[in-house]
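K.L.:
Take a look at the following structure, please.
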Amino acid sequence: MNILDKIISDKRKEVALRKQLIPVSQLEQSVLFDRKSPSLAQALRDSDTGIIAEHKRRSPSKQVINHNLNVQDVATGYESAGACGMSVLTDGKYFGGSLDDLLLARAASNFPLLRKEFMIDEYQILEAKAYGADVILLIAAVLSQSEIRSLSEFAKTLGMDVLLEVHNLEELQKSIMPSLDMLGVNNRNLKTFEVSLDISKNLSAEIPDEFVKVSESGISTIEAIKELRPFGYQGYLIGENFMKTDDPGASATEFIHKLR
Ligand SMILES: O=P(O)(O)OC[C@@H](O)[C@@H](O)c1c[nH]c2ccccc12
């Protein structure tokens, strides 16, 4: 079993338990449930820098990235840096995150928040909304075409944006559908952890223009973004490069300033 299969098999068990713990009716009572979600796709279209900054304490590929930060400080730091939005890892077992991280980020900021999670069930989308997310991630490598369709259409009924992540042409071709807002190309292979910006470069021409193109993972320099821009990318998802520092907000501020 590769790491992605393992994560998904654990996730199925986790979601089954969560459903028993907190019923949907309770999620729907969250004061955040009726909040209007700002659009990350629109923020990226309107931006000349396009940074989505991520909160990630650890990962299966890098082990510990940073365990000494306060997620609220990171959120305010990223927002004042001029990031278009923030991605908050909520998986606990492999990434050290939680839904409480999302809630705290929400309490500290007003910009679009992405729930970074391995989504397999509508229940997780309801959780995302209830804990203050505006955007969900769907990973084509672990979902069938009909699952992508039903999950993305469900998110749209809640007024959320959908970022669909692919890593190869086959995943992209099965996924293109009108209920998606952004197409993200993950430069990291989630099965082997190998990273290459060529993945974004090679797939860009196959992404229809109506979707905002996002390049994800392994981006740590201004040069990388300048290389990717001519391929039509308007969004850049950056985690480790900011999170490995003592002050991710300050690091994002400097990065975004240099991009302008
Ligand atoms: O830390 P990086 O290399 O800048 O990567 C950020 C983000 O793209 C990465 O965390 C990510 C992309 N897709 C994912 C899916 C699940 C978990 C994590 C991810």
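Residue names in the structure tokens use chain letters A, B, ... in the order shown, residue numbers from 1 in each chain, and ligand numbers from 1 in the order shown.
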Give me the residues near A:Glu14 as an mmCIF file with all heavy atoms, in the first residue's frame, where near means some atom within 12 Å (using only C-alpha atoms) and where sequence neighbours in that chain fewer than 3 positions away do not count.
P.N.:
data_model
loop_
_atom_site.group_PDB
_atom_site.id
_atom_site.type_symbol
_atom_site.label_atom_id
_atom_site.label_comp_id
_atom_site.auth_asym_id
_atom_site.auth_seq_id
_atom_site.Cartn_x
_atom_site.Cartn_y
_atom_site.Cartn_z
ATOM 1 N N ILE A 7 -3.349 6.765 3.839
ATOM 2 C CA ILE A 7 -4.040 7.957 4.350
ATOM 3 C C ILE A 7 -5.554 7.828 4.117
ATOM 4 O O ILE A 7 -6.360 8.082 5.007
ATOM 5 C CB ILE A 7 -3.502 9.245 3.676
ATOM 6 C CG1 ILE A 7 -2.053 9.521 4.097
ATOM 7 C CG2 ILE A 7 -4.393 10.450 4.015
ATOM 8 C CD1 ILE A 7 -1.383 10.704 3.375
ATOM 9 N N ILE A 8 -5.929 7.376 2.915
ATOM 10 C CA ILE A 8 -7.353 7.289 2.580
ATOM 11 C C ILE A 8 -8.037 6.197 3.398
ATOM 12 O O ILE A 8 -9.165 6.378 3.883
ATOM 13 C CB ILE A 8 -7.552 7.058 1.059
ATOM 14 C CG1 ILE A 8 -7.038 8.277 0.266
ATOM 15 C CG2 ILE A 8 -9.017 6.775 0.723
ATOM 16 C CD1 ILE A 8 -7.692 9.604 0.609
ATOM 17 N N SER A 9 -7.348 5.102 3.618
ATOM 18 C CA SER A 9 -7.969 4.042 4.407
ATOM 19 C C SER A 9 -8.172 4.499 5.855
ATOM 20 O O SER A 9 -9.220 4.258 6.466
ATOM 21 C CB SER A 9 -7.144 2.756 4.245
ATOM 22 O OG SER A 9 -6.834 2.189 5.476
ATOM 23 N N ASP A 10 -7.201 5.215 6.419
ATOM 24 C CA ASP A 10 -7.387 5.797 7.762
ATOM 25 C C ASP A 10 -8.509 6.837 7.769
ATOM 26 O O ASP A 10 -9.277 6.942 8.723
ATOM 27 C CB ASP A 10 -6.093 6.476 8.230
ATOM 28 C CG ASP A 10 -5.043 5.464 8.669
ATOM 29 O OD1 ASP A 10 -5.429 4.351 9.063
ATOM 30 O OD2 ASP A 10 -3.841 5.791 8.618
ATOM 31 N N LYS A 11 -8.569 7.610 6.683
ATOM 32 C CA LYS A 11 -9.554 8.699 6.618
ATOM 33 C C LYS A 11 -10.978 8.149 6.624
ATOM 34 O O LYS A 11 -11.878 8.703 7.247
ATOM 35 C CB LYS A 11 -9.276 9.545 5.367
ATOM 36 C CG LYS A 11 -9.985 10.889 5.301
ATOM 37 C CD LYS A 11 -9.697 11.795 6.481
ATOM 38 C CE LYS A 11 -8.278 12.298 6.526
ATOM 39 N NZ LYS A 11 -8.036 13.156 7.734
ATOM 40 N N LEU A 17 -16.307 7.613 12.248
ATOM 41 C CA LEU A 17 -16.407 7.921 13.679
ATOM 42 C C LEU A 17 -16.896 9.343 13.924
ATOM 43 O O LEU A 17 -17.727 9.595 14.796
ATOM 44 C CB LEU A 17 -15.046 7.719 14.359
ATOM 45 C CG LEU A 17 -14.632 6.276 14.575
ATOM 46 C CD1 LEU A 17 -13.189 6.188 15.041
ATOM 47 C CD2 LEU A 17 -15.556 5.600 15.599
ATOM 48 N N ARG A 18 -16.370 10.273 13.136
ATOM 49 C CA ARG A 18 -16.772 11.674 13.296
ATOM 50 C C ARG A 18 -18.276 11.850 13.103
ATOM 51 O O ARG A 18 -18.925 12.624 13.797
ATOM 52 C CB ARG A 18 -16.063 12.554 12.269
ATOM 53 C CG ARG A 18 -14.644 12.875 12.636
ATOM 54 C CD ARG A 18 -14.062 13.824 11.602
ATOM 55 N NE ARG A 18 -12.699 14.149 11.924
ATOM 56 C CZ ARG A 18 -12.345 15.092 12.811
ATOM 57 N NH1 ARG A 18 -13.263 15.821 13.410
ATOM 58 N NH2 ARG A 18 -11.079 15.305 13.084
ATOM 59 N N LYS A 19 -18.809 11.111 12.109
ATOM 60 C CA LYS A 19 -20.240 11.204 11.824
ATOM 61 C C LYS A 19 -21.073 10.780 13.027
ATOM 62 O O LYS A 19 -22.162 11.289 13.247
ATOM 63 C CB LYS A 19 -20.592 10.281 10.650
ATOM 64 C CG LYS A 19 -20.251 10.834 9.308
ATOM 65 C CD LYS A 19 -20.697 9.803 8.267
ATOM 66 C CE LYS A 19 -20.500 10.324 6.878
ATOM 67 N NZ LYS A 19 -20.807 9.293 5.883
ATOM 68 N N GLN A 20 -20.536 9.799 13.766
ATOM 69 C CA GLN A 20 -21.272 9.337 14.947
ATOM 70 C C GLN A 20 -21.167 10.332 16.087
ATOM 71 O O GLN A 20 -22.058 10.464 16.911
ATOM 72 C CB GLN A 20 -20.724 7.981 15.398
ATOM 73 C CG GLN A 20 -21.055 6.890 14.417
ATOM 74 C CD GLN A 20 -20.441 5.559 14.810
ATOM 75 O OE1 GLN A 20 -20.120 5.331 15.968
ATOM 76 N NE2 GLN A 20 -20.284 4.688 13.847
ATOM 77 N N LEU A 21 -20.035 11.029 16.128
ATOM 78 C CA LEU A 21 -19.765 11.968 17.219
ATOM 79 C C LEU A 21 -20.558 13.263 17.069
ATOM 80 O O LEU A 21 -21.147 13.766 18.025
ATOM 81 C CB LEU A 21 -18.259 12.276 17.191
ATOM 82 C CG LEU A 21 -17.537 12.556 18.471
ATOM 83 C CD1 LEU A 21 -17.658 11.374 19.409
ATOM 84 C CD2 LEU A 21 -16.050 12.819 18.156
ATOM 85 N N ASP A 91 -5.768 17.494 8.470
ATOM 86 C CA ASP A 91 -5.502 16.089 8.801
ATOM 87 C C ASP A 91 -4.573 16.021 10.018
ATOM 88 O O ASP A 91 -3.533 16.685 10.060
ATOM 89 C CB ASP A 91 -4.847 15.371 7.615
ATOM 90 C CG ASP A 91 -4.430 13.957 8.007
ATOM 91 O OD1 ASP A 91 -5.313 13.086 8.057
ATOM 92 O OD2 ASP A 91 -3.240 13.748 8.332
ATOM 93 N N GLY A 92 -4.951 15.225 10.990
ATOM 94 C CA GLY A 92 -4.169 15.135 12.212
ATOM 95 C C GLY A 92 -3.036 14.136 12.142
ATOM 96 O O GLY A 92 -1.892 14.437 12.463
ATOM 97 N N LYS A 93 -3.351 12.924 11.716
ATOM 98 C CA LYS A 93 -2.388 11.834 11.818
ATOM 99 C C LYS A 93 -1.112 12.063 11.007
ATOM 100 O O LYS A 93 -0.020 11.774 11.464
ATOM 101 C CB LYS A 93 -3.074 10.533 11.381
ATOM 102 C CG LYS A 93 -2.167 9.336 11.514
ATOM 103 C CD LYS A 93 -2.920 8.023 11.386
ATOM 104 C CE LYS A 93 -1.927 6.869 11.484
ATOM 105 N NZ LYS A 93 -2.556 5.570 11.265
ATOM 106 N N PHE A 118 -8.136 15.376 2.907
ATOM 107 C CA PHE A 118 -8.391 14.280 1.982
ATOM 108 C C PHE A 118 -9.900 14.039 1.998
ATOM 109 O O PHE A 118 -10.418 13.305 2.839
ATOM 110 C CB PHE A 118 -7.578 13.054 2.390
ATOM 111 C CG PHE A 118 -6.100 13.341 2.348
ATOM 112 C CD1 PHE A 118 -5.450 13.909 3.440
ATOM 113 C CD2 PHE A 118 -5.377 13.110 1.178
ATOM 114 C CE1 PHE A 118 -4.094 14.221 3.386
ATOM 115 C CE2 PHE A 118 -4.014 13.422 1.117
ATOM 116 C CZ PHE A 118 -3.382 13.982 2.219
ATOM 117 N N MET A 119 -10.605 14.691 1.079
ATOM 118 C CA MET A 119 -12.064 14.671 1.085
ATOM 119 C C MET A 119 -12.591 13.426 0.375
ATOM 120 O O MET A 119 -12.226 13.159 -0.775
ATOM 121 C CB MET A 119 -12.610 15.925 0.379
ATOM 122 C CG MET A 119 -12.129 17.241 0.970
ATOM 123 S SD MET A 119 -12.630 17.453 2.673
ATOM 124 C CE MET A 119 -13.729 18.842 2.533
ATOM 125 N N ILE A 120 -13.444 12.704 1.070
ATOM 126 C CA ILE A 120 -14.017 11.493 0.477
ATOM 127 C C ILE A 120 -15.529 11.433 0.687
ATOM 128 O O ILE A 120 -16.199 10.548 0.177
ATOM 129 C CB ILE A 120 -13.389 10.221 1.114
ATOM 130 C CG1 ILE A 120 -13.358 10.358 2.638
ATOM 131 C CG2 ILE A 120 -11.985 9.972 0.573
ATOM 132 C CD1 ILE A 120 -13.016 9.066 3.350
ATOM 133 N N ASP A 121 -16.062 12.394 1.452
ATOM 134 C CA ASP A 121 -17.452 12.309 1.887
ATOM 135 C C ASP A 121 -18.044 13.720 2.040
ATOM 136 O O ASP A 121 -17.345 14.624 2.511
ATOM 137 C CB ASP A 121 -17.450 11.598 3.264
ATOM 138 C CG ASP A 121 -18.832 11.124 3.680
ATOM 139 O OD1 ASP A 121 -19.759 11.955 3.752
ATOM 140 O OD2 ASP A 121 -18.973 9.914 3.957
ATOM 141 N N TYR A 123 -19.898 14.785 4.196
ATOM 142 C CA TYR A 123 -19.842 15.183 5.604
ATOM 143 C C TYR A 123 -18.663 16.110 5.873
ATOM 144 O O TYR A 123 -18.772 17.087 6.621
ATOM 145 C CB TYR A 123 -19.752 13.929 6.487
ATOM 146 C CG TYR A 123 -19.683 14.240 7.967
ATOM 147 C CD1 TYR A 123 -20.842 14.445 8.709
ATOM 148 C CD2 TYR A 123 -18.448 14.340 8.616
ATOM 149 C CE1 TYR A 123 -20.771 14.750 10.059
ATOM 150 C CE2 TYR A 123 -18.377 14.640 9.962
ATOM 151 C CZ TYR A 123 -19.543 14.848 10.676
ATOM 152 O OH TYR A 123 -19.469 15.157 12.022
ATOM 153 N N GLN A 124 -17.512 15.808 5.235
ATOM 154 C CA GLN A 124 -16.313 16.654 5.452
ATOM 155 C C GLN A 124 -16.492 18.051 4.863
ATOM 156 O O GLN A 124 -15.850 19.003 5.319
ATOM 157 C CB GLN A 124 -15.086 15.987 4.811
ATOM 158 C CG GLN A 124 -14.688 14.667 5.435
ATOM 159 C CD GLN A 124 -13.747 13.930 4.505
ATOM 160 O OE1 GLN A 124 -14.156 13.467 3.448
ATOM 161 N NE2 GLN A 124 -12.487 13.831 4.880
#
K.L.:
Just the residues within 9 Å of A:Tyr94, please, counting only C-alpha atoms, with nothing from its chain fewer than 3 positions along; format it as a list in words.
P.N.:
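Close residues of A:Tyr94: Ile7, Arg58, Ser59, Pro60, Gln63, Asp91 and Gly97 of chain A.
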K.L.:
What is the atom 18 (C, counted along the ligand's line) of ligand 1-atom CA of A:Leu259 distance in Å, reported with one decimal?
P.N.:
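Atom CA of A:Leu259 lies 23.8 Å from atom 18 (C, counted along the ligand's line) of ligand 1.
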K.L.:
Within 7 Å of ligand 1, which residues show up when you count only C-alpha atoms and all ligand atoms? List them as a ChimeraX atom specification, please.
P.N.:
/A:54,56,89,116-118,186,216-219,237-241
K.L.:
Please, could you write that set of residues out with N, CA, C and O atoms as a short mmCIF file (atom, residue, chain, number, x, y, z; two decimals), in the first residue's frame?
P.N.:
data_model
loop_
_atom_site.label_atom_id
_atom_site.label_comp_id
_atom_site.auth_asym_id
_atom_site.auth_seq_id
_atom_site.Cartn_x
_atom_site.Cartn_y
_atom_site.Cartn_z
N GLU A 54 0.18 28.37 3.01
CA GLU A 54 -0.34 27.20 3.75
C GLU A 54 0.19 27.11 5.17
O GLU A 54 1.33 27.43 5.46
N LYS A 56 1.12 24.30 7.67
CA LYS A 56 1.46 22.87 7.64
C LYS A 56 2.54 22.60 8.67
O LYS A 56 3.67 23.03 8.53
N LEU A 89 -4.12 22.84 6.67
CA LEU A 89 -4.14 21.38 6.75
C LEU A 89 -4.95 20.97 7.97
O LEU A 89 -4.66 21.43 9.08
N LYS A 116 -7.58 22.10 3.72
CA LYS A 116 -6.69 21.16 3.05
C LYS A 116 -6.85 19.81 3.72
O LYS A 116 -6.41 19.58 4.84
N GLU A 117 -7.54 18.92 3.00
CA GLU A 117 -7.94 17.66 3.62
C GLU A 117 -8.12 16.60 2.54
O GLU A 117 -8.25 16.93 1.36
N PHE A 118 -8.14 15.38 2.91
CA PHE A 118 -8.39 14.28 1.98
C PHE A 118 -9.90 14.04 2.00
O PHE A 118 -10.42 13.31 2.84
N ASN A 186 -0.37 19.50 -8.82
CA ASN A 186 0.56 19.23 -7.73
C ASN A 186 1.91 18.80 -8.31
O ASN A 186 2.00 17.78 -8.99
N GLU A 216 1.00 23.85 -7.40
CA GLU A 216 1.10 23.51 -5.98
C GLU A 216 2.39 22.73 -5.68
O GLU A 216 2.76 21.82 -6.41
N SER A 217 2.99 23.07 -4.55
CA SER A 217 4.12 22.32 -3.96
C SER A 217 5.50 22.60 -4.58
O SER A 217 5.62 22.78 -5.79
N GLY A 218 6.47 22.57 -3.70
CA GLY A 218 7.87 22.66 -4.13
C GLY A 218 8.27 24.04 -4.65
O GLY A 218 9.29 24.17 -5.31
N ILE A 219 7.46 25.06 -4.37
CA ILE A 219 7.79 26.41 -4.84
C ILE A 219 8.48 27.16 -3.71
O ILE A 219 7.91 27.33 -2.63
N LEU A 237 0.53 27.73 -4.64
CA LEU A 237 0.32 27.26 -3.27
C LEU A 237 1.68 26.95 -2.63
O LEU A 237 2.41 26.07 -3.09
N ILE A 238 1.98 27.69 -1.57
CA ILE A 238 3.29 27.57 -0.92
C ILE A 238 3.14 27.25 0.55
O ILE A 238 2.46 27.97 1.29
N GLY A 239 3.74 26.16 0.99
CA GLY A 239 3.66 25.78 2.40
C GLY A 239 5.00 25.87 3.10
O GLY A 239 5.33 26.82 3.79
N GLU A 240 5.80 24.83 2.88
CA GLU A 240 7.04 24.66 3.62
C GLU A 240 7.96 25.88 3.60
O GLU A 240 8.55 26.25 4.62
N ASN A 241 8.08 26.51 2.44
CA ASN A 241 9.00 27.65 2.31
C ASN A 241 8.70 28.74 3.35
O ASN A 241 9.61 29.37 3.87
#
K.L.:
Excluding A:Ile51 and residues on its chain fewer than 3 positions from it, collect all residues at most 7 Å away from it, counting only C-alpha atoms, and give them as a list in words.
P.N.:
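Non-adjacent residues within range: Ala83, Cys84, Gly235, Tyr236 and Leu237 of chain A.
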K.L.:
Would you list the contacts of A:Leu172 as a list of chain:residue names, taking every protein, DNA or RNA residue within 9 Å and counting only C-alpha atoms, but skipping same-chain residues closer than 3 positions in sequence?
P.N.:
A:Ala140, A:Leu164, A:Glu165, A:Val166, A:His167, A:Asn168, A:Leu169, A:Ser175, A:Ile176, A:Leu183, A:Val185, A:Leu203, A:Glu206, A:Ile207
K.L.:
Please write the residues from the selection above to a file, keeping all heavy atoms, as a JSON list (two decimals), in the first residue's frame.
P.N.:
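So the final result, stored in again.json, reads:
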[["chain", "number", "residue", "atom", "x", "y", "z"],
["A", 140, "ALA", "N", -7.84, 14.34, -7.33],
["A", 140, "ALA", "CA", -8.29, 13.42, -8.38],
["A", 140, "ALA", "C", -7.69, 12.02, -8.22],
["A", 140, "ALA", "O", -8.32, 11.03, -8.62],
["A", 140, "ALA", "CB", -7.95, 13.98, -9.76],
["A", 164, "LEU", "N", -9.59, 21.55, -7.59],
["A", 164, "LEU", "CA", -9.38, 20.14, -7.91],
["A", 164, "LEU", "C", -7.91, 19.94, -8.21],
["A", 164, "LEU", "O", -7.34, 20.66, -9.02],
["A", 164, "LEU", "CB", -10.26, 19.79, -9.13],
["A", 164, "LEU", "CG", -10.39, 18.36, -9.66],
["A", 164, "LEU", "CD1", -9.22, 17.92, -10.50],
["A", 164, "LEU", "CD2", -10.66, 17.33, -8.58],
["A", 165, "GLU", "N", -7.31, 18.97, -7.55],
["A", 165, "GLU", "CA", -5.87, 18.74, -7.70],
["A", 165, "GLU", "C", -5.57, 17.52, -8.58],
["A", 165, "GLU", "O", -6.12, 16.45, -8.37],
["A", 165, "GLU", "CB", -5.25, 18.54, -6.32],
["A", 165, "GLU", "CG", -3.80, 18.12, -6.34],
["A", 165, "GLU", "CD", -3.23, 17.97, -4.94],
["A", 165, "GLU", "OE1", -3.37, 18.91, -4.12],
["A", 165, "GLU", "OE2", -2.68, 16.90, -4.64],
["A", 166, "VAL", "N", -4.67, 17.73, -9.54],
["A", 166, "VAL", "CA", -4.25, 16.63, -10.41],
["A", 166, "VAL", "C", -2.72, 16.55, -10.44],
["A", 166, "VAL", "O", -2.03, 17.50, -10.08],
["A", 166, "VAL", "CB", -4.76, 16.80, -11.86],
["A", 166, "VAL", "CG1", -6.28, 16.87, -11.90],
["A", 166, "VAL", "CG2", -4.15, 18.04, -12.52],
["A", 167, "HIS", "N", -2.24, 15.41, -10.91],
["A", 167, "HIS", "CA", -0.79, 15.24, -11.03],
["A", 167, "HIS", "C", -0.40, 14.69, -12.40],
["A", 167, "HIS", "O", 0.77, 14.67, -12.75],
["A", 167, "HIS", "CB", -0.28, 14.30, -9.92],
["A", 167, "HIS", "CG", 1.20, 14.13, -9.91],
["A", 167, "HIS", "ND1", 2.06, 15.15, -9.56],
["A", 167, "HIS", "CD2", 1.97, 13.06, -10.24],
["A", 167, "HIS", "CE1", 3.30, 14.71, -9.67],
["A", 167, "HIS", "NE2", 3.29, 13.46, -10.07],
["A", 168, "ASN", "N", -1.39, 14.26, -13.19],
["A", 168, "ASN", "CA", -1.08, 13.78, -14.55],
["A", 168, "ASN", "C", -2.27, 13.98, -15.48],
["A", 168, "ASN", "O", -3.36, 14.37, -15.05],
["A", 168, "ASN", "CB", -0.64, 12.30, -14.52],
["A", 168, "ASN", "CG", -1.71, 11.41, -13.90],
["A", 168, "ASN", "OD1", -2.91, 11.56, -14.20],
["A", 168, "ASN", "ND2", -1.30, 10.49, -13.04],
["A", 169, "LEU", "N", -2.05, 13.71, -16.76],
["A", 169, "LEU", "CA", -3.06, 14.00, -17.78],
["A", 169, "LEU", "C", -4.34, 13.19, -17.59],
["A", 169, "LEU", "O", -5.45, 13.69, -17.76],
["A", 169, "LEU", "CB", -2.45, 13.73, -19.17],
["A", 169, "LEU", "CG", -3.30, 14.18, -20.36],
["A", 169, "LEU", "CD1", -3.59, 15.67, -20.29],
["A", 169, "LEU", "CD2", -2.59, 13.85, -21.67],
["A", 175, "SER", "N", -11.41, 14.77, -14.85],
["A", 175, "SER", "CA", -11.92, 15.71, -13.84],
["A", 175, "SER", "C", -12.58, 16.96, -14.39],
["A", 175, "SER", "O", -13.32, 17.62, -13.65],
["A", 175, "SER", "CB", -10.76, 16.17, -12.96],
["A", 175, "SER", "OG", -10.13, 15.07, -12.35],
["A", 176, "ILE", "N", -12.31, 17.32, -15.62],
["A", 176, "ILE", "CA", -12.81, 18.61, -16.11],
["A", 176, "ILE", "C", -14.33, 18.63, -16.13],
["A", 176, "ILE", "O", -14.96, 17.80, -16.78],
["A", 176, "ILE", "CB", -12.20, 18.92, -17.49],
["A", 176, "ILE", "CG1", -10.70, 19.20, -17.28],
["A", 176, "ILE", "CG2", -12.89, 20.11, -18.15],
["A", 176, "ILE", "CD1", -9.91, 19.39, -18.52],
["A", 183, "LEU", "N", -8.13, 24.62, -11.06],
["A", 183, "LEU", "CA", -7.43, 23.36, -11.26],
["A", 183, "LEU", "C", -6.02, 23.49, -10.75],
["A", 183, "LEU", "O", -5.26, 24.36, -11.20],
["A", 183, "LEU", "CB", -7.46, 22.99, -12.74],
["A", 183, "LEU", "CG", -8.71, 22.17, -13.05],
["A", 183, "LEU", "CD1", -9.12, 22.24, -14.47],
["A", 183, "LEU", "CD2", -8.48, 20.71, -12.64],
["A", 185, "VAL", "N", -2.29, 21.91, -10.13],
["A", 185, "VAL", "CA", -1.37, 20.86, -10.54],
["A", 185, "VAL", "C", -0.36, 20.68, -9.41],
["A", 185, "VAL", "O", 0.36, 21.62, -9.04],
["A", 185, "VAL", "CB", -0.64, 21.22, -11.84],
["A", 185, "VAL", "CG1", 0.36, 20.12, -12.21],
["A", 185, "VAL", "CG2", -1.64, 21.45, -12.97],
["A", 203, "LEU", "N", 1.43, 20.23, -18.00],
["A", 203, "LEU", "CA", -0.02, 20.03, -17.99],
["A", 203, "LEU", "C", -0.80, 21.31, -18.30],
["A", 203, "LEU", "O", -1.99, 21.24, -18.63],
["A", 203, "LEU", "CB", -0.49, 19.49, -16.63],
["A", 203, "LEU", "CG", -0.28, 17.99, -16.38],
["A", 203, "LEU", "CD1", -0.76, 17.62, -14.99],
["A", 203, "LEU", "CD2", -1.03, 17.16, -17.43],
["A", 206, "GLU", "N", -3.29, 21.79, -21.23],
["A", 206, "GLU", "CA", -4.47, 20.91, -21.25],
["A", 206, "GLU", "C", -5.59, 21.43, -20.35],
["A", 206, "GLU", "O", -6.68, 20.85, -20.32],
["A", 206, "GLU", "CB", -4.10, 19.50, -20.79],
["A", 206, "GLU", "CG", -2.85, 18.91, -21.41],
["A", 206, "GLU", "CD", -2.97, 18.75, -22.93],
["A", 206, "GLU", "OE1", -4.09, 18.53, -23.41],
["A", 206, "GLU", "OE2", -1.93, 18.89, -23.60],
["A", 207, "ILE", "N", -5.32, 22.50, -19.59],
["A", 207, "ILE", "CA", -6.35, 23.02, -18.67],
["A", 207, "ILE", "C", -7.15, 24.10, -19.39],
["A", 207, "ILE", "O", -6.58, 25.10, -19.82],
["A", 207, "ILE", "CB", -5.71, 23.60, -17.39],
["A", 207, "ILE", "CG1", -4.84, 22.55, -16.69],
["A", 207, "ILE", "CG2", -6.78, 24.15, -16.44],
["A", 207, "ILE", "CD1", -4.07, 23.07, -15.48]]
K.L.:
Tell me, which residues of stretch 42-198 of chain A carry DSSP strand (DSSP E or B), written as number ranges by chain?
P.N.:
A: 51-55, 58-59, 63-64, 85-89, 113-116, 135-139, 161-166, 182-186, 188, 195
K.L.:
When you count only C-alpha atoms, which of these residues is closest to A:Ser87: A:Glu210, A:Asp46, A:Asp134, A:Glu127?
P.N.:
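Selected residue with least distance to A:Ser87: A:Asp134.
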K.L.:
Contacts of stretch 32-44 of chain A at 8 Å or less, counting only C-alpha atoms, minus same-chain residues fewer than 6 places along, as number ranges by chain?
P.N.:
A: 50-51, 84-85, 111-113, 129-135, 159-161, 181-182, 212, 234-235
K.L.:
What is the distance between atom CA of A:Phe211 and atom CA of A:Leu151, in Å to one decimal?
P.N.:
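We find that atom CA of A:Phe211 and atom CA of A:Leu151 lie 17.5 Å from each other.
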K.L.:
Residues of stretch 37-220 of chain A classed as alpha helix (DSSP H) by DSSP on the backbone are to be reported as JSON, numbers by chain.
P.N.:
{"A": [40, 41, 42, 43, 44, 45, 46, 71, 72, 73, 74, 75, 76, 77, 78, 79, 80, 81, 99, 100, 101, 102, 103, 104, 105, 106, 107, 108, 122, 123, 124, 125, 126, 127, 128, 129, 130, 145, 146, 147, 148, 149, 150, 151, 152, 153, 154, 155, 156, 157, 169, 170, 171, 172, 173, 174, 175, 198, 199, 200, 201, 202, 203]}
K.L.:
Pick the closest to A:Leu103 from A:Gln29, A:Leu228, A:Arg115, A:Asp198: which is it, counting only C-alpha atoms?
P.N.:
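Ranking A:Gln29, A:Leu228, A:Arg115, A:Asp198 by distance to A:Leu103, first place goes to A:Arg115.
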K.L.:
Kindly indicate which residue among A:Val31, A:Val74, A:Ala205, A:Ile52 lies nearest to A:Pro230, using only C-alpha atoms for the distances.
P.N.:
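That would be A:Ala205, the residue with the smallest distance to A:Pro230.
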K.L.:
Find the residue from A:Val214, A:Leu27, A:Ile22, A:Met1 that sits nearest to A:Thr192; use only C-alpha atoms when measuring.
P.N.:
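Checking each of A:Val214, A:Leu27, A:Ile22, A:Met1 against A:Thr192, counting only C-alpha atoms, the winner is A:Met1.
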K.L.:
Let me make sure I understand: among A:Thr90, A:Asn110, A:Arg45, A:Val142, which one has the smallest atom-to-atom distance to A:Lys6 if we use only C-alpha atoms?
P.N.:
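Ranked by minimum distance to A:Lys6, first place goes to A:Val142.
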K.L.:
How many Å lie between atom CA of A:Val71 and atom CA of A:Leu143, rounded to one decimal?
P.N.:
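According to the coordinates, atom CA of A:Val71 and atom CA of A:Leu143 are separated by 29.5 Å.
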K.L.:
Name the closest residue to A:Ile222 among the candidates A:Lys258, A:Arg149, A:Lys62, A:Lys174; distances are taken between atoms, counting only C-alpha atoms.
P.N.:
A:Lys258
